[in-house]
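K.L.:
Here you go, this is target.txt (compact mmCIF, C-alpha atoms).
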# COMPACT_ATOMS: atom_id res chain seq x y z
CA MET A 1234 -58.57 -3.68 4.84
CA TYR A 1235 -56.13 -1.91 7.16
CA GLY A 1236 -54.38 -5.21 7.98
CA LYS A 1237 -53.93 -5.96 4.27
CA LYS A 1238 -52.38 -2.53 3.69
CA ARG A 1239 -49.94 -3.05 6.55
CA GLN A 1240 -48.97 -6.45 5.16
CA PHE A 1241 -48.45 -4.89 1.74
CA ASP A 1242 -46.31 -2.15 3.28
CA ARG A 1243 -44.12 -4.67 5.05
CA ARG A 1244 -43.64 -6.73 1.90
CA TYR A 1245 -42.87 -3.55 -0.03
CA LEU A 1246 -40.33 -2.47 2.59
CA PHE A 1247 -38.68 -5.89 2.58
CA ILE A 1248 -38.29 -5.85 -1.21
CA LEU A 1249 -36.98 -2.29 -1.05
CA ALA A 1250 -34.43 -3.30 1.60
CA VAL A 1251 -33.25 -6.26 -0.48
CA VAL A 1252 -32.91 -4.06 -3.58
CA ILE A 1253 -30.97 -1.43 -1.61
CA VAL A 1254 -28.60 -4.03 -0.12
CA ALA A 1255 -28.04 -5.55 -3.57
CA LEU A 1256 -27.39 -2.12 -5.05
CA VAL A 1257 -24.95 -1.22 -2.27
CA LEU A 1258 -23.04 -4.48 -2.86
CA VAL A 1259 -22.86 -3.86 -6.61
CA VAL A 1260 -21.70 -0.26 -6.10
CA LEU A 1261 -19.14 -1.39 -3.50
CA SER A 1262 -17.69 -4.07 -5.74
CA VAL A 1263 -17.32 -1.55 -8.59
CA ALA A 1264 -15.95 1.19 -6.31
CA LEU A 1265 -13.39 -1.10 -4.70
CA LYS A 1266 -12.29 -2.99 -7.80
CA LYS A 1267 -8.51 -2.95 -7.65
CA ASP A 1268 -7.43 -4.13 -11.08
CA ARG A 1269 -9.27 -1.50 -13.12
CA ASN A 1270 -7.52 1.15 -15.23
CA LEU A 1271 -7.69 4.78 -14.10
CA ASN A 1272 -9.91 6.96 -16.27
CA PHE A 1273 -8.83 10.29 -17.79
CA PHE A 1274 -10.20 12.38 -14.93
CA GLU A 1275 -8.59 10.16 -12.27
CA ARG A 1276 -5.24 10.28 -14.08
CA ILE A 1277 -5.21 14.08 -14.18
CA ALA A 1278 -6.26 14.37 -10.53
CA LYS A 1279 -3.68 11.80 -9.44
CA ASP A 1280 -0.87 13.43 -11.42
CA THR A 1281 -1.65 16.86 -10.02
CA GLY A 1282 -1.88 15.47 -6.49
CA MET A 1283 1.40 13.62 -6.86
CA ILE A 1284 3.23 16.77 -8.02
CA VAL A 1285 2.02 18.58 -4.90
CA LEU A 1286 2.94 15.64 -2.66
CA LYS A 1287 6.37 15.31 -4.25
CA VAL A 1288 7.12 19.00 -3.72
CA ALA A 1289 5.87 18.80 -0.13
CA TYR A 1290 7.93 15.69 0.56
CA SER A 1291 11.19 16.99 -0.99
CA PRO A 1292 12.44 19.01 2.06
CA PHE A 1293 11.68 16.05 4.36
CA ASN A 1294 13.39 13.72 1.91
CA PHE A 1295 16.43 16.00 1.80
CA ILE A 1296 16.76 15.92 5.61
CA LYS A 1297 16.24 12.14 5.65
CA ASN A 1298 18.97 11.67 3.03
CA GLN A 1299 21.36 13.94 4.93
CA ILE A 1300 20.86 11.88 8.11
CA ASN A 1301 21.40 8.64 6.17
CA GLU A 1302 24.54 10.07 4.56
CA MET A 1303 25.93 11.06 7.97
CA ARG A 1304 25.31 7.55 9.27
CA GLU A 1305 26.99 6.02 6.25
CA LYS A 1306 30.05 8.23 6.61
CA ASP A 1307 30.88 6.40 9.84
CA ASN A 1308 31.59 3.22 7.87
CA LEU A 1309 33.35 4.93 4.98
CA TYR A 1310 36.76 3.30 5.41
CA GLU A 1311 35.31 -0.22 5.62
CA LYS A 1312 33.29 0.42 2.49
CA TYR A 1313 36.37 1.74 0.69
CA GLU A 1314 38.30 -1.45 1.53
CA LYS A 1315 35.47 -3.63 0.25
CA LEU A 1316 35.14 -1.62 -2.96
CA LYS A 1317 38.89 -1.88 -3.53
CA GLU A 1318 38.65 -5.68 -3.30
CA LYS A 1319 35.72 -5.72 -5.69
CA GLU A 1320 37.50 -3.48 -8.17
CA GLU A 1321 40.39 -5.95 -8.34
CA GLN A 1322 37.94 -8.69 -9.34
CA MET A 1323 36.17 -6.49 -11.87
CA ASP A 1324 38.09 -7.44 -15.04
CA SER A 1325 37.64 -11.16 -14.58
CA LEU A 1326 33.95 -10.66 -13.70
CA GLN A 1327 33.38 -8.60 -16.83
CA ALA A 1328 34.86 -11.30 -19.03
CA GLU A 1329 32.75 -13.91 -17.25
CA ASN A 1330 29.67 -11.72 -17.66
CA GLU A 1331 30.17 -11.40 -21.43
CA ASN A 1332 30.61 -15.14 -21.68
CA LEU A 1333 27.43 -15.77 -19.68
CA GLN A 1334 25.45 -13.25 -21.75
CA ASN A 1335 26.39 -15.14 -24.92
CA GLU A 1336 25.27 -18.39 -23.33
CA ILE A 1337 21.99 -16.81 -22.18
CA ASN A 1338 21.25 -15.57 -25.70
CA LYS A 1339 21.85 -19.05 -27.12
CA LEU A 1340 19.78 -20.79 -24.41
CA GLN A 1341 16.98 -18.25 -24.66
CA GLY A 1342 16.68 -19.01 -28.35
CA SER A 1343 16.68 -22.77 -27.89
CA LEU A 1344 14.33 -22.83 -24.85
CA ASP A 1345 11.98 -20.16 -26.21
CA LEU A 1346 12.09 -18.15 -22.98
CA ASN A 1347 10.19 -14.92 -23.42
CA SER A 1348 11.14 -13.10 -20.25
CA ILE A 1349 14.58 -12.92 -18.69
CA LEU A 1350 16.14 -10.27 -16.49
CA SER A 1351 18.81 -9.20 -19.00
CA ASP A 1352 16.04 -8.30 -21.49
CA LYS A 1353 14.84 -5.51 -19.28
CA VAL A 1354 15.63 -1.81 -19.15
CA LEU A 1355 15.95 -0.48 -15.62
CA LEU A 1356 14.03 2.64 -14.59
CA ASN A 1357 14.79 4.06 -11.14
CA ALA A 1358 12.00 5.76 -9.21
CA THR A 1359 11.43 7.39 -5.83
CA VAL A 1360 8.63 6.34 -3.51
CA VAL A 1361 6.24 9.26 -2.89
CA ASN A 1362 3.99 7.60 -0.34
CA ARG A 1363 3.66 4.21 1.30
CA ASN A 1364 0.41 2.39 1.92
CA VAL A 1365 -1.71 5.42 2.80
CA GLY A 1366 -4.91 3.45 2.25
CA TYR A 1367 -3.61 0.96 4.87
CA TRP A 1368 -5.34 -2.15 3.50
CA TYR A 1369 -3.93 -2.21 0.03
CA ASP A 1370 -0.19 -2.79 0.61
CA GLU A 1371 0.69 -0.39 -2.14
CA VAL A 1372 3.31 2.29 -2.65
CA THR A 1373 3.20 5.17 -5.11
CA ILE A 1374 6.24 6.12 -7.19
CA ASP A 1375 7.07 9.25 -9.17
CA LYS A 1376 7.30 7.61 -12.61
CA GLY A 1377 4.36 6.95 -14.89
CA SER A 1378 3.33 6.28 -18.48
CA ASN A 1379 5.38 9.31 -19.67
CA ASP A 1380 8.48 7.37 -18.56
CA GLY A 1381 7.32 4.18 -20.27
CA VAL A 1382 5.85 2.49 -17.21
CA GLU A 1383 3.03 0.04 -17.96
CA LYS A 1384 0.65 -2.03 -15.88
CA ASN A 1385 2.03 -5.39 -14.63
CA MET A 1386 5.71 -4.47 -15.00
CA ALA A 1387 7.90 -6.04 -12.31
CA VAL A 1388 9.41 -3.77 -9.65
CA ILE A 1389 12.57 -4.56 -7.67
CA THR A 1390 14.92 -2.97 -5.16
CA SER A 1391 18.63 -3.68 -4.82
CA LYS A 1392 17.68 -6.60 -2.57
CA GLY A 1393 15.06 -8.31 -4.73
CA LEU A 1394 11.52 -8.44 -6.03
CA ILE A 1395 8.92 -6.23 -4.31
CA GLY A 1396 5.86 -6.36 -6.56
CA SER A 1397 4.34 -5.17 -9.79
CA ILE A 1398 2.77 -2.04 -11.23
CA SER A 1399 -0.98 -2.10 -10.59
CA LYS A 1400 -2.04 1.37 -11.77
CA VAL A 1401 -0.42 3.92 -14.03
CA SER A 1402 -1.08 7.60 -14.56
CA SER A 1403 1.05 10.00 -16.62
CA ASN A 1404 3.59 10.91 -13.93
CA SER A 1405 3.05 8.38 -11.17
CA SER A 1406 2.32 4.70 -10.69
CA THR A 1407 1.06 2.45 -7.95
CA ILE A 1408 2.97 -0.70 -7.00
CA LYS A 1409 1.11 -3.62 -5.51
CA LEU A 1410 3.57 -5.14 -3.02
CA LEU A 1411 4.14 -8.86 -2.64
CA SER A 1412 3.43 -8.33 1.07
CA ASN A 1413 -0.25 -8.07 0.13
CA GLU A 1414 -1.64 -11.09 1.96
CA ASN A 1415 -4.24 -11.60 -0.76
CA MET A 1416 -1.87 -11.89 -3.68
CA SER A 1417 -4.09 -12.54 -6.65
CA ASN A 1418 -1.19 -13.58 -8.86
CA LYS A 1419 0.49 -16.78 -7.78
CA ILE A 1420 4.15 -16.22 -8.50
CA SER A 1421 6.26 -19.01 -9.92
CA VAL A 1422 9.61 -19.42 -8.15
CA LYS A 1423 12.50 -21.87 -8.20
CA ILE A 1424 14.59 -23.02 -5.25
CA ARG A 1425 18.24 -23.96 -5.69
CA VAL A 1426 18.83 -27.53 -4.47
CA SER A 1427 22.33 -27.99 -5.91
CA ASP A 1428 24.77 -26.02 -8.09
CA ASP A 1429 22.78 -26.44 -11.29
CA GLN A 1430 19.50 -27.94 -10.04
CA TYR A 1431 16.31 -26.16 -9.07
CA VAL A 1432 12.84 -27.21 -7.89
CA PHE A 1433 9.82 -25.19 -8.93
CA GLY A 1434 6.98 -23.95 -6.73
CA LEU A 1435 4.38 -21.23 -6.34
CA ILE A 1436 4.23 -18.43 -3.77
CA SER A 1437 0.84 -18.86 -2.15
CA GLY A 1438 0.93 -16.38 0.71
CA TYR A 1439 2.83 -13.89 2.81
CA SER A 1440 3.09 -13.46 6.57
CA SER A 1441 3.81 -9.90 7.69
CA LYS A 1442 4.65 -11.17 11.18
CA ASN A 1443 7.85 -12.95 10.07
CA ASN A 1444 8.30 -11.29 6.65
CA THR A 1445 8.07 -14.73 5.01
CA TYR A 1446 6.41 -16.17 1.92
CA THR A 1447 4.86 -19.62 1.76
CA VAL A 1448 5.88 -21.64 -1.29
CA GLU A 1449 3.76 -24.64 -2.25
CA GLY A 1450 3.56 -27.23 -4.98
CA ILE A 1451 6.98 -28.81 -4.40
CA SER A 1452 7.45 -32.54 -4.73
CA GLU A 1453 7.78 -34.47 -1.42
CA ASN A 1454 10.94 -36.37 -2.45
CA VAL A 1455 13.24 -33.37 -2.95
CA ASP A 1456 15.71 -32.29 -0.29
CA ILE A 1457 15.76 -28.56 0.26
CA ALA A 1458 18.44 -27.03 2.47
CA LYS A 1459 17.83 -24.10 4.78
CA GLY A 1460 19.31 -20.93 3.34
CA ALA A 1461 18.78 -22.02 -0.28
CA ASP A 1462 18.20 -19.15 -2.70
CA VAL A 1463 14.72 -18.60 -4.10
CA VAL A 1464 14.40 -16.72 -7.39
CA THR A 1465 11.68 -16.12 -9.97
CA THR A 1466 11.35 -18.60 -12.85
CA GLY A 1467 10.28 -16.22 -15.63
CA MET A 1468 7.15 -18.29 -16.32
CA GLY A 1469 4.27 -16.03 -17.20
CA ASP A 1470 4.77 -12.57 -18.61
CA MET A 1471 4.98 -10.55 -15.43
CA PHE A 1472 8.21 -11.40 -13.63
CA PRO A 1473 11.44 -12.15 -15.52
CA SER A 1474 13.57 -15.08 -14.38
CA GLY A 1475 16.41 -14.77 -11.90
CA ILE A 1476 15.10 -12.07 -9.58
CA GLN A 1477 15.95 -12.73 -5.95
CA VAL A 1478 12.86 -13.43 -3.82
CA GLY A 1479 14.42 -14.70 -0.59
CA LYS A 1480 16.04 -17.58 1.26
CA VAL A 1481 14.55 -20.80 2.62
CA THR A 1482 14.04 -20.75 6.40
CA LYS A 1483 11.79 -23.75 7.08
CA VAL A 1484 10.68 -26.85 5.18
CA THR A 1485 7.54 -28.81 6.17
CA THR A 1486 5.09 -31.11 4.43
CA ASP A 1487 1.43 -30.39 3.71
CA ASN A 1488 -1.47 -31.96 5.67
CA PHE A 1489 -1.60 -35.03 3.38
CA ASP A 1490 2.20 -35.61 3.27
CA LEU A 1491 2.03 -35.27 -0.50
CA SER A 1492 4.09 -32.16 -1.12
CA LYS A 1493 6.50 -29.84 0.63
CA VAL A 1494 5.61 -26.44 1.99
CA VAL A 1495 8.57 -24.08 2.16
CA GLU A 1496 8.82 -20.94 4.24
CA VAL A 1497 10.96 -18.31 2.52
CA GLU A 1498 12.28 -15.22 4.25
CA ALA A 1499 11.77 -12.25 1.92
CA SER A 1500 15.02 -10.63 0.81
CA VAL A 1501 13.31 -7.23 0.88
CA ASP A 1502 12.25 -5.30 3.96
CA PHE A 1503 8.79 -4.07 2.94
CA ASP A 1504 8.79 -1.58 5.80
CA ASP A 1505 11.65 0.39 4.35
CA ILE A 1506 11.25 1.06 0.65
CA ASP A 1507 12.44 4.48 -0.52
CA TYR A 1508 13.82 3.85 -3.99
CA VAL A 1509 12.74 1.19 -6.47
CA THR A 1510 13.58 0.01 -9.98
CA VAL A 1511 10.93 -0.73 -12.59
CA LEU A 1512 11.86 -3.43 -15.10
CA LYS A 1513 10.74 -2.05 -18.43
CA ARG A 1514 10.53 -4.22 -21.51
CA GLU A 1515 13.44 -3.57 -23.89
CA SER A 1516 11.19 -2.54 -26.79
CA GLU A 1517 10.11 0.48 -24.74
CA MET B 497 -8.57 28.23 8.10
CA LYS B 498 -10.62 25.03 7.85
CA ILE B 499 -9.39 24.46 4.31
CA VAL B 500 -5.77 25.15 5.28
CA ILE B 501 -5.95 22.61 8.15
CA LEU B 502 -7.51 19.98 5.87
CA ILE B 503 -5.01 20.50 3.02
CA VAL B 504 -2.00 20.46 5.37
CA SER B 505 -3.31 17.31 7.07
CA PHE B 506 -3.98 15.65 3.71
CA ILE B 507 -0.41 16.31 2.52
CA LEU B 508 1.12 15.47 5.90
CA GLU B 509 -0.59 12.07 5.88
CA SER B 510 1.35 11.12 2.75
CA VAL B 511 4.62 12.63 3.98
CA MET B 512 4.40 10.81 7.32
CA SER B 513 3.81 7.46 5.62
CA ASN B 514 7.41 7.65 4.37
CA PHE B 515 8.87 7.90 7.85
CA PHE B 516 7.19 4.94 9.52
CA PRO B 517 7.23 1.27 8.53
CA VAL B 518 4.25 -0.03 6.57
CA ASN B 519 1.56 -1.41 8.94
CA SER B 520 3.42 -0.24 12.04
CA PHE B 521 1.94 1.29 15.21
CA PHE B 522 2.12 4.66 13.48
CA ALA B 523 -0.47 4.46 10.72
CA SER B 524 -1.43 8.01 9.87
CA LEU B 525 -5.04 9.07 9.31
CA PHE B 526 -4.45 12.79 9.53
CA SER B 527 -7.13 13.82 7.01
CA LEU B 528 -9.87 12.06 8.96
CA THR B 529 -8.50 13.26 12.32
CA ALA B 530 -8.45 16.86 11.07
CA LEU B 531 -12.02 16.50 9.81
CA ILE B 532 -13.13 15.33 13.25
CA VAL B 533 -11.32 18.09 15.13
CA ILE B 534 -12.33 21.08 12.98
CA TYR B 535 -16.08 20.48 13.50
CA PRO B 536 -16.49 23.49 15.91
CA LEU B 537 -15.14 25.83 13.21
CA PHE B 538 -18.34 25.24 11.18
CA ASP B 539 -20.49 26.89 13.89
CA GLY B 540 -23.20 24.23 13.65
CA ASP B 541 -23.55 24.46 9.87
CA ASN B 542 -23.76 20.68 9.38
CA PHE B 543 -24.56 20.84 5.68
CA LYS B 544 -21.34 22.74 4.99
CA TYR B 545 -19.43 20.25 7.20
CA PHE B 546 -20.81 17.27 5.25
CA ARG B 547 -19.86 18.97 2.00
CA TYR B 548 -16.25 19.36 3.20
CA ALA B 549 -16.21 15.74 4.37
CA PHE B 550 -17.44 14.48 1.02
CA LEU B 551 -14.88 16.53 -0.93
CA LEU B 552 -12.04 15.45 1.35
CA GLY B 553 -13.05 11.81 0.94
CA PHE B 554 -13.29 12.27 -2.79
CA ALA B 555 -9.73 13.65 -2.90
CA TYR B 556 -8.67 10.65 -0.79
CA ASP B 557 -10.32 8.37 -3.35
CA LEU B 558 -8.55 10.01 -6.28
CA ILE B 559 -5.07 10.46 -4.88
CA TYR B 560 -4.52 7.78 -2.26
CA THR B 561 -6.77 4.74 -2.67
CA ASP B 562 -7.74 4.78 -6.39
CA THR B 563 -11.33 3.90 -5.48
CA ILE B 564 -14.54 5.46 -6.84
CA ILE B 565 -16.35 7.71 -4.29
CA PHE B 566 -16.04 4.98 -1.64
CA GLN B 567 -13.92 7.09 0.70
CA ALA B 568 -16.14 10.11 -0.04
CA PHE B 569 -19.17 8.28 1.39
CA LEU B 570 -17.12 6.83 4.21
CA PHE B 571 -15.92 10.30 5.24
CA LEU B 572 -19.53 11.47 5.02
CA ILE B 573 -20.66 8.70 7.39
CA ILE B 574 -17.87 9.60 9.82
CA ALA B 575 -18.82 13.28 9.59
CA TYR B 576 -22.41 12.36 10.52
CA LEU B 577 -21.07 10.32 13.45
CA VAL B 578 -19.01 13.33 14.56
CA THR B 579 -22.09 15.59 14.57
CA ILE B 580 -23.98 13.10 16.77
CA LEU B 581 -21.09 12.47 19.19
CA ARG B 582 -20.21 16.15 19.49
CA LYS B 583 -23.83 16.90 20.46
CA MET B 584 -23.77 14.18 23.12
CA LEU B 585 -20.40 15.06 24.65
CA SER B 586 -19.22 18.35 26.06
CA ASP B 587 -16.43 20.26 24.36
CA ASN B 588 -13.10 19.42 26.03
CA LEU B 589 -9.86 17.73 25.00
CA LEU B 590 -10.62 14.38 26.66
CA ASN B 591 -13.96 14.11 24.87
CA LEU B 592 -12.28 15.15 21.63
CA VAL B 593 -9.84 12.25 21.98
CA ILE B 594 -12.75 9.86 22.73
CA VAL B 595 -14.67 11.05 19.64
CA THR B 596 -11.51 10.68 17.53
CA LEU B 597 -10.95 7.12 18.77
CA ILE B 598 -14.58 6.10 18.11
CA CYS B 599 -14.45 7.63 14.62
CA ILE B 600 -11.12 5.98 13.74
CA ALA B 601 -12.42 2.59 14.93
CA SER B 602 -15.64 3.07 12.92
CA TYR B 603 -13.74 4.17 9.82
CA ARG B 604 -11.39 1.20 9.92
CA THR B 605 -14.23 -1.22 10.64
CA ILE B 606 -16.52 -0.05 7.82
CA ASN B 607 -13.57 0.08 5.42
CA TYR B 608 -12.39 -3.40 6.39
CA PHE B 609 -15.81 -5.05 6.17
CA ALA B 610 -16.53 -3.40 2.81
CA LEU B 611 -13.27 -4.90 1.50
CA VAL B 612 -14.12 -8.29 3.01
CA ILE B 613 -17.68 -8.33 1.59
CA THR B 614 -16.42 -7.45 -1.89
CA GLY B 615 -13.78 -10.20 -1.75
CA ASN B 616 -10.75 -7.89 -1.70
CA LEU B 617 -9.59 -9.21 1.68
CA ASP B 618 -10.05 -12.42 3.67
CA PHE B 619 -11.56 -11.92 7.10
CA ASN B 620 -9.01 -12.03 9.88
CA LEU B 621 -10.02 -10.79 13.32
CA LEU B 622 -6.44 -9.91 14.31
CA THR B 623 -5.84 -7.88 11.14
CA TRP B 624 -9.02 -5.92 11.79
CA ILE B 625 -8.16 -5.19 15.42
CA ALA B 626 -4.53 -4.40 14.52
CA SER B 627 -5.72 -1.84 11.98
CA ILE B 628 -7.52 0.02 14.78
CA TYR B 629 -4.81 0.01 17.43
CA ASN B 630 -2.12 0.78 14.84
CA SER B 631 -3.96 4.01 14.11
CA VAL B 632 -4.26 5.22 17.70
CA ILE B 633 -0.90 6.71 18.78
CA LEU B 634 -0.03 9.00 15.90
CA ASN B 635 -3.57 10.21 15.31
CA VAL B 636 -4.29 10.97 18.96
CA ILE B 637 -1.12 13.07 19.08
CA TYR B 638 -2.17 14.83 15.89
CA CYS B 639 -5.70 15.29 17.26
CA LEU B 640 -4.29 17.03 20.35
CA ILE B 641 -2.12 19.35 18.23
CA ILE B 642 -4.95 20.30 15.87
CA GLY B 643 -7.36 20.48 18.83
CA TRP B 644 -5.10 23.07 20.45
CA VAL B 645 -4.96 25.08 17.19
CA VAL B 646 -8.76 24.93 16.79
CA ASN B 647 -9.26 26.01 20.44
CA ARG B 648 -7.09 29.07 19.85
CA ILE B 649 -9.02 29.96 16.71
CA MET B 650 -12.34 29.55 18.53
CA ARG B 651 -11.14 31.75 21.40
CA LYS B 652 -10.10 34.47 18.95
CA LYS B 653 -13.46 34.17 17.20
CA ARG B 654 -15.35 34.59 20.49
CA ARG B 655 -13.26 37.61 21.48
CA TYR B 656 -13.94 39.17 18.10
CA ARG B 657 -17.70 38.65 18.50
CA PHE B 658 -18.01 40.29 21.95
Could I get this structure in the form of structure tokens?
P.N.:
Amino acid sequence: MYGKKRQFDRRYLFILAVVIVALVLVVLSVALKKDRNLNFFERIAKDTGMIVLKVAYSPFNFIKNQINEMREKDNLYEKYEKLKEKEEQMDSLQAENENLQNEINKLQGSLDLNSILSDKVLLNATVVNRNVGYWYDEVTIDKGSNDGVEKNMAVITSKGLIGSISKVSSNSSTIKLLSNENMSNKISVKIRVSDDQYVFGLISGYSSKNNTYTVEGISENVDIAKGADVVTTGMGDMFPSGIQVGKVTKVTTDNFDLSKVVEVEASVDFDDIDYVTVLKRESE
Amino acid sequence: MKIVILIVSFILESVMSNFFPVNSFFASLFSLTALIVIYPLFDGDNFKYFRYAFLLGFAYDLIYTDTIIFQAFLFLIIAYLVTILRKMLSDNLLNLVIVTLICIASYRTINYFALVITGNLDFNLLTWIASIYNSVILNVIYCLIIGWVVNRIMRKKRRYRF
């Protein structure tokens, strides 16, 4: 009788343990789900927190900017010379730009492209904190849904693409960086092989060690030069075409010699992001 | 004073993240470090300490990681670990640093494996180890600073009592 009770207890404990483990796993997967929308309570808490953080960061930011300004003043004359040169070219560039814009409009209509860079409205934002959670490769900016920011909008810096908006609250947003080694969205890119020819591929990974992306899905019989520009294709709704991603540093073939694997050095330094630009859709 | 230290550490963690490269040797975990160091200020009231840990983790969830009470429970586990380790080890700066290191390693490990189990990250031994040693330098320095502040407060408290 006693033995039977002990056996029953053990079985009961085992079932209980399995149920608890299953419950913990379910709760964990819900708690850690990254692509969910913030609820009302979370939005308010996040907005309030961000206001406090922004105020606390402002004196530090002021000092940081002053130091950067002082450093830049050292090269002021060189910069002035360069700007002078650029200004002389400005008129011809403007005419060329207008001409190209007309061509883009015509081509966009005929090719049915739904997302190009010139369609976007630029919204500048300041980074409030960088990757505090450590694992998520995310930065938080001081612009949110009140400024027209929406989930999945592309985010760039002056050097190129850095990621997309993953969460939005009223006055702040979270950007998921492309440096996230588990990029859930495969990004379509094109590599320039000659003046007007491109090959298409997909970014399949990122290495933080060398600050490089891996691009796959490129035909074996295409010659790709080192240093070739890599830009987004505009396929899919998220990233418009023509955003700089990086430059080719190494070309290899896959294990079966069927396609090329290209290593692309990111044009952006993910360690140093202070100001970003959100690409809003024009209708906003 | 406990609340002031925790709030300042919480804000400072975000501010500091802007001064160091992402995933560098200077990953800040000031909120957790402060929670570990201020334990003596609770005068053995563990229930109150756990309550503070849970609330701090909850704020971390809402403002920094956008997760649902995951960090709150994680901070609670670390708080429990602190109560055990503090009982085992005597109260001096070296032991405080050891407790801080054990807690940081535990925090990173539980966090990492939870993310791996739920499919948010692929397991990579080097990434896991890097996450621990990246968090050592800055947080040990911060632990020593806060430890010194807490020691002064405790000394004043004792003088006031006798």
K.L.:
From the list B:Leu508, B:Ile534, B:Met497, B:Ile559, which residue is nearest Arg1276 in chain A when using all atoms listed in the file?
P.N.:
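Of B:Leu508, B:Ile534, B:Met497, B:Ile559, the one nearest Arg1276 in chain A is B:Ile559, counting all atoms listed in the file.
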K.L.:
Which neighbours of range 1386-1397 of chain A fall inside 9 Å, counting only C-alpha atoms, when residues of the same chain fewer than 3 positions from it are skipped, and could you give them as a VMD selection string?
P.N.:
chain A and resid 1382 to 1383 1407 to 1412 1464 to 1465 1470 to 1473 1476 to 1479 1499 to 1503 1506 1508 to 1514
K.L.:
Using all atoms listed in the file, which protein or nucleic acid residues come within 12 Å of Asn620 in chain B? Drop anything in the same chain fewer than 2 positions from it, and give the result as number ranges by chain.
P.N.:
A: 1414-1415; B: 608-609, 611-612, 617-618, 622-627
K.L.:
Within 9 Å of chain B, which residues of chain A are there when counting only C-alpha atoms? Please give them as a short mmCIF file (atom, residue, chain, number, x, y, z; two decimals) with C-alpha atoms, keeping the file's coordinate frame.
P.N.:
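Saved to part.cif:
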data_model
loop_
_atom_site.label_atom_id
_atom_site.label_comp_id
_atom_site.auth_asym_id
_atom_site.auth_seq_id
_atom_site.Cartn_x
_atom_site.Cartn_y
_atom_site.Cartn_z
CA LEU A 1258 -23.04 -4.48 -2.86
CA VAL A 1259 -22.86 -3.86 -6.61
CA VAL A 1260 -21.70 -0.26 -6.10
CA LEU A 1261 -19.14 -1.39 -3.50
CA SER A 1262 -17.69 -4.07 -5.74
CA VAL A 1263 -17.32 -1.55 -8.59
CA ALA A 1264 -15.95 1.19 -6.31
CA LEU A 1265 -13.39 -1.10 -4.70
CA LYS A 1266 -12.29 -2.99 -7.80
CA LYS A 1267 -8.51 -2.95 -7.65
CA LEU A 1271 -7.69 4.78 -14.10
CA GLU A 1275 -8.59 10.16 -12.27
CA ARG A 1276 -5.24 10.28 -14.08
CA ALA A 1278 -6.26 14.37 -10.53
CA LYS A 1279 -3.68 11.80 -9.44
CA ASP A 1280 -0.87 13.43 -11.42
CA THR A 1281 -1.65 16.86 -10.02
CA GLY A 1282 -1.88 15.47 -6.49
CA MET A 1283 1.40 13.62 -6.86
CA VAL A 1285 2.02 18.58 -4.90
CA LEU A 1286 2.94 15.64 -2.66
CA LYS A 1287 6.37 15.31 -4.25
CA ALA A 1289 5.87 18.80 -0.13
CA TYR A 1290 7.93 15.69 0.56
CA PHE A 1293 11.68 16.05 4.36
CA ASN A 1294 13.39 13.72 1.91
CA LYS A 1297 16.24 12.14 5.65
CA VAL A 1360 8.63 6.34 -3.51
CA VAL A 1361 6.24 9.26 -2.89
CA ASN A 1362 3.99 7.60 -0.34
CA ARG A 1363 3.66 4.21 1.30
CA ASN A 1364 0.41 2.39 1.92
CA VAL A 1365 -1.71 5.42 2.80
CA GLY A 1366 -4.91 3.45 2.25
CA TYR A 1367 -3.61 0.96 4.87
CA TRP A 1368 -5.34 -2.15 3.50
CA TYR A 1369 -3.93 -2.21 0.03
CA ASP A 1370 -0.19 -2.79 0.61
CA THR A 1373 3.20 5.17 -5.11
CA LYS A 1400 -2.04 1.37 -11.77
CA GLU A 1414 -1.64 -11.09 1.96
CA ASN A 1415 -4.24 -11.60 -0.76
CA SER A 1441 3.81 -9.90 7.69
CA PHE A 1503 8.79 -4.07 2.94
CA ASP A 1504 8.79 -1.58 5.80
CA ASP A 1505 11.65 0.39 4.35
CA ILE A 1506 11.25 1.06 0.65
CA ASP A 1507 12.44 4.48 -0.52
#
K.L.:
Give the answer as one residue: which of B:Arg654, B:Arg648, B:Arg582, B:Arg547 has the shortest atom-to-atom distance to Ile598 in chain B, using only C-alpha atoms?
P.N.:
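Answer, going by the shortest atom-to-atom distance: B:Arg582.
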K.L.:
What's the separation between CA of Asp1307 in chain A and CA of Phe1295 in chain A, in Å to one decimal place?
P.N.:
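Separating CA of Asp1307 in chain A from CA of Phe1295 in chain A is a distance of 19.1 Å.
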K.L.:
Quote the spacing between CA of Asn1404 in chain A and CA of Tyr1439 in chain A in Å to one decimal place.
P.N.:
29.9 Å
K.L.:
For the atom pair CA of Lys1480 in chain A and CA of Glu1318 in chain A, what is the interatomic distance in Å to one decimal place?
P.N.:
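About the pair CA of Lys1480 in chain A and CA of Glu1318 in chain A: they are 26.0 Å apart.
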K.L.:
Rank B:Ile580, B:Ala568, B:Leu551, B:Val533 by their smallest atom-to-atom distance to Thr596 in chain B, using all atoms listed in the file, and report the top residue only.
P.N.:
B:Val533
K.L.:
Closest to Asn1385 in chain A among A:Asp1268, A:Asp1490, A:Glu1302, A:Glu1498, using only C-alpha atoms?
P.N.:
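Nearest candidate to Asn1385 in chain A out of A:Asp1268, A:Asp1490, A:Glu1302, A:Glu1498: A:Asp1268.
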K.L.:
I'd like the neighbourhood of range 572-575 of chain B as a VMD selection string, where a residue qualifies if any of its atoms comes within 6 Å (using all atoms listed in the file), though same-chain residues fewer than 6 positions away should be ignored.
P.N.:
chain B and resid 546 549 to 550
K.L.:
Restricting the calculation to all atoms listed in the file: of B:Leu537, B:Leu528, B:Met650, B:Met584, which residue gets closest to Ala601 in chain B?
P.N.:
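Ranked by minimum distance to Ala601 in chain B, first place goes to B:Leu528.
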